[in-house]
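Undergrad: Okay, here's the structure, questions in a sec.
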Amino acid sequence: MTLKFITWDVEHGSAAYIRTPNGKHVAIDLGARRPSNTGFSPLAHLWHQWGIRHLDLVVITHPHMDHIEDVLNFDAFSPKVLVRPSHLTEDAIWGGNRNASPGNKAIVEKYIELNRMYSQSIGPGQDPSHPANNGGVSLEFFYPSQCPTTNVNNHSVVTVMTYAGVKFLLPGGSITKVVGRGRGGIEVERTGLILGQTQTHPGRRPVQCR
């Protein structure tokens with residue numbers, strides 16, 4: 001099998017799907033397109049059109065509505081791993097969605113529920129982001145954690161995917177500049193994003209905000 005990488009137009013938000021060469025399934029962001037009469041649900045599309053019944057890894061770059069709208073369909077896929085800016089407090093999450101409509105509050109509540117549930121680490125042999133476990137695709141995650149939480153865009157997970165010598169950068173909602181080093185000492189740089197010297201966490205790479 002080959003690497004399959006799909007991104008969907010969900011207007012202001014973000015949604016992507018990756019199938020690795022050995023058949024691991026990854027979703028990055030859960031934006032959906034509205035209104036309902038022309039809507040598009042990425043997870044419903046995976047289920048009904050492609051027959052996908054589980055996800056090995058889900059990345060939610062940050063908890064703004066246009067990146068979590070499809071989260072109510074999350075449980076049907078029983079994802080093994082959820083990557084998100086887990087350091088954000090519930091107050092910060094609600095603050096980032098202070099204008100959520102009554103209908104959308106259930107979506108924020110579901111995200112917070114998942115953030116609480118996915119609290120245990122996973123061993124290297126089970127990690128679907130490691131190339132040894134997914135057919136040769138490297139997925140690395142850069143976490144801003146020291147920025148003010150007045151804008152949760154500053155806390156977006158930045159994903160760097162590498163396969164067959166080609167790099168893809170999925171910046172989520174980050175509005176700073178990131179410069180980092182991936183596996184093998186290869187430099188990753190993206191204008192508009194900064195990797196600096198800040199406090200880091202196990203398994204994370206530091207990202208500095210401006």
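We label chains A, B, ... in the order they appear in the structure tokens, count residues from 1 in each chain, and number ligands from 1 in the order shown.
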Extract the full set of strand (DSSP E or B) residues from segment 45-102 of chain A according to DSSP on the backbone, and format it as a PyMOL selection string.
TA: chain A and resi 57-59+81-83
Undergrad: Report as a list in words all protein, DNA and RNA residues lying within 10 Å of Pro63 of chain A, evaluated on only C-alpha atoms, omitting residues in the same chain fewer than 3 positions from it.
TA: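 With the cut-off at 10 Å, the set is Asp29, Leu30, Ile60, Asp66, His67, Ile68, Glu69, Arg84, Pro85, Leu88, Ala92, Ile93, Trp94, Gly96, Asn97, Ile107, Val108, Tyr111, Ile112, Val152, Asn153, His155, Ser156 and Gly173 of chain A.
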Undergrad: Dump N, CA and C atoms for the selected residues as a compact mmCIF listing (two decimals), in the first residue's frame?
TA:
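Ended up saving to result20.txt:
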# COMPACT_ATOMS: atom_id res chain seq x y z
N ASP A 29 -7.63 17.08 12.84
CA ASP A 29 -8.68 18.09 13.01
C ASP A 29 -10.04 17.57 12.54
N LEU A 30 -11.07 18.09 13.20
CA LEU A 30 -12.43 17.61 12.97
C LEU A 30 -13.37 18.76 12.64
N ILE A 60 -6.23 16.78 17.29
CA ILE A 60 -7.05 17.99 17.31
C ILE A 60 -6.10 19.12 17.66
N ASP A 66 -14.20 25.50 14.79
CA ASP A 66 -13.98 25.08 13.41
C ASP A 66 -12.95 23.96 13.28
N HIS A 67 -12.44 23.47 14.41
CA HIS A 67 -11.53 22.32 14.41
C HIS A 67 -12.08 21.14 15.20
N ILE A 68 -13.24 21.32 15.85
CA ILE A 68 -13.81 20.24 16.67
C ILE A 68 -15.28 19.96 16.35
N GLU A 69 -15.83 20.60 15.33
CA GLU A 69 -17.27 20.49 15.06
C GLU A 69 -17.74 19.05 14.89
N ARG A 84 -3.58 16.41 21.37
CA ARG A 84 -4.21 17.72 21.48
C ARG A 84 -3.40 18.54 22.47
N PRO A 85 -3.63 19.84 22.58
CA PRO A 85 -2.93 20.65 23.57
C PRO A 85 -3.53 20.40 24.94
N LEU A 88 -4.06 22.84 28.14
CA LEU A 88 -5.05 23.90 28.27
C LEU A 88 -6.07 23.55 29.35
N ALA A 92 -9.71 27.83 29.86
CA ALA A 92 -9.13 28.33 28.61
C ALA A 92 -9.91 27.79 27.41
N ILE A 93 -10.34 26.54 27.48
CA ILE A 93 -11.11 25.95 26.39
C ILE A 93 -12.44 26.67 26.22
N TRP A 94 -13.13 26.92 27.32
CA TRP A 94 -14.39 27.66 27.25
C TRP A 94 -14.15 29.09 26.80
N GLY A 96 -11.95 30.08 24.72
CA GLY A 96 -11.76 30.06 23.28
C GLY A 96 -13.05 29.85 22.51
N ASN A 97 -14.11 29.50 23.23
CA ASN A 97 -15.42 29.25 22.60
C ASN A 97 -16.51 30.04 23.31
N ILE A 107 -20.71 20.35 21.83
CA ILE A 107 -19.46 19.99 21.16
C ILE A 107 -18.27 20.31 22.05
N VAL A 108 -18.29 21.48 22.67
CA VAL A 108 -17.20 21.85 23.58
C VAL A 108 -17.15 20.90 24.77
N TYR A 111 -15.52 17.68 23.76
CA TYR A 111 -14.07 17.81 23.67
C TYR A 111 -13.45 17.76 25.07
N ILE A 112 -14.03 18.45 26.01
CA ILE A 112 -13.50 18.45 27.38
C ILE A 112 -13.57 17.04 27.98
N VAL A 152 -6.39 30.62 21.91
CA VAL A 152 -5.94 29.23 21.89
C VAL A 152 -5.30 28.86 20.56
N ASN A 153 -5.43 29.70 19.54
CA ASN A 153 -4.66 29.47 18.31
C ASN A 153 -3.17 29.37 18.62
N HIS A 155 -1.80 27.95 20.90
CA HIS A 155 -1.48 26.66 21.52
C HIS A 155 -1.73 25.49 20.57
N SER A 156 -1.85 25.76 19.29
CA SER A 156 -2.12 24.71 18.32
C SER A 156 -0.97 23.73 18.19
N GLY A 173 -3.77 26.02 13.90
CA GLY A 173 -4.09 27.43 13.95
C GLY A 173 -2.95 28.28 14.45
Undergrad: Give the answer as one residue: which of A:Pro144, A:Phe168, A:Leu55, A:Pro131 has the shortest atom-to-atom distance to Ser78 of chain A, using only C-alpha atoms?
TA: A:Leu55
Undergrad: Output as a ChimeraX atom specification all residues of segment 1-93 of chain A that backbone DSSP marks as alpha helix (DSSP H).
TA: /A:42-48,65-68,90-93
Undergrad: May I ask which of the residues A:Gly103, A:Gly172, A:Gly23, A:Pro42 is the closest one to Met1 of chain A, counting only C-alpha atoms?
TA: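 Closest residue, counting only C-alpha atoms: A:Gly23.
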Undergrad: Go through A:Gly31, A:Gly125, A:Gly51, A:Pro171 one by one, measure the shortest atom-to-atom distance of each to Val158 of chain A using only C-alpha atoms, and give the residue with the smallest value.
TA: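 Of all the options, A:Pro171 lies closest to Val158 of chain A.
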Undergrad: A:Thr20, A:Leu82, A:Val26, A:Ser14: which is nearest Met65 of chain A, counting only C-alpha atoms?
TA: A:Ser14
Undergrad: Compare A:His25, A:Arg19, A:His12, A:His64 by their minimum atom-to-atom distance to Phe77 of chain A, counting only C-alpha atoms, and give me the closest one.
TA: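 Residue with the minimum atom-to-atom distance to Phe77 of chain A: A:His25.
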Undergrad: Would you mind telling me which residue in A:Asp70, A:Asp127, A:Asp91, A:Glu109 lies nearest to Val10 of chain A when using only C-alpha atoms?
TA: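 Looking only at the distances to Val10 of chain A, the closest residue turns out to be A:Asp70.
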Undergrad: Could you give me, as a tab-separated table (two decimals) with all heavy atoms, in the first residue's frame, the residues within 9 Å of Gly135 of chain A, counting only C-alpha atoms and dropping anything in the same chain fewer than 5 positions from it?
TA:
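The result, written out as out.tsv:
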chain	number	residue	atom	x	y	z
A	3	LEU	N	1.05	5.69	0.82
A	3	LEU	CA	0.52	6.70	1.73
A	3	LEU	C	-0.64	7.43	1.06
A	3	LEU	O	-0.53	7.87	-0.07
A	3	LEU	CB	1.62	7.69	2.09
A	3	LEU	CG	1.20	8.87	2.97
A	3	LEU	CD1	0.88	8.40	4.38
A	3	LEU	CD2	2.29	9.94	2.99
A	20	THR	N	-1.73	5.25	6.38
A	20	THR	CA	-0.31	4.93	6.24
A	20	THR	C	-0.13	3.69	5.37
A	20	THR	O	-1.10	2.95	5.11
A	20	THR	CB	0.33	4.71	7.62
A	20	THR	OG1	-0.14	3.47	8.17
A	20	THR	CG2	0.02	5.87	8.57
A	21	PRO	N	1.10	3.42	4.92
A	21	PRO	CA	1.31	2.29	4.02
A	21	PRO	C	0.89	0.93	4.60
A	21	PRO	O	0.58	0.02	3.83
A	21	PRO	CB	2.82	2.34	3.75
A	21	PRO	CG	3.16	3.79	3.87
A	21	PRO	CD	2.30	4.28	5.00
A	22	ASN	N	0.90	0.78	5.92
A	22	ASN	CA	0.46	-0.50	6.48
A	22	ASN	C	-0.96	-0.45	7.04
A	22	ASN	O	-1.38	-1.31	7.80
A	22	ASN	CB	1.44	-1.00	7.55
A	22	ASN	CG	1.42	-0.17	8.81
A	22	ASN	OD1	0.81	0.90	8.84
A	22	ASN	ND2	2.08	-0.64	9.85
A	23	GLY	N	-1.71	0.58	6.65
A	23	GLY	CA	-3.13	0.60	6.95
A	23	GLY	C	-3.54	1.24	8.25
A	23	GLY	O	-4.66	1.03	8.71
A	24	LYS	N	-2.69	2.07	8.85
A	24	LYS	CA	-3.10	2.83	10.03
A	24	LYS	C	-3.92	4.05	9.57
A	24	LYS	O	-3.63	4.65	8.53
A	24	LYS	CB	-1.88	3.30	10.82
A	24	LYS	CG	-1.09	2.16	11.48
A	24	LYS	CD	-1.87	1.55	12.62
A	24	LYS	CE	-1.04	0.58	13.44
A	24	LYS	NZ	-0.63	-0.63	12.72
A	130	HIS	N	4.77	6.46	15.17
A	130	HIS	CA	6.17	6.05	14.95
A	130	HIS	C	6.28	5.27	13.65
A	130	HIS	O	5.47	4.38	13.37
A	130	HIS	CB	6.66	5.20	16.12
A	130	HIS	CG	8.15	5.06	16.16
A	130	HIS	ND1	8.83	4.20	15.33
A	130	HIS	CD2	9.09	5.69	16.91
A	130	HIS	CE1	10.13	4.29	15.57
A	130	HIS	NE2	10.31	5.19	16.52
Undergrad: So that I can check the surroundings of Thr162 of chain A, please list as a PyMOL selection string every protein, DNA and RNA residue that reaches within 10 Å of it, counting only C-alpha atoms and ignoring chain neighbours fewer than 6 positions away.
TA: chain A and resi 131+136-140+168-169+182-183
Undergrad: Can you tell me how far atom CA of Val83 of chain A sits from atom CA of Thr159 of chain A, in Å to one decimal?
TA: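 It comes out at 10.0 Å.
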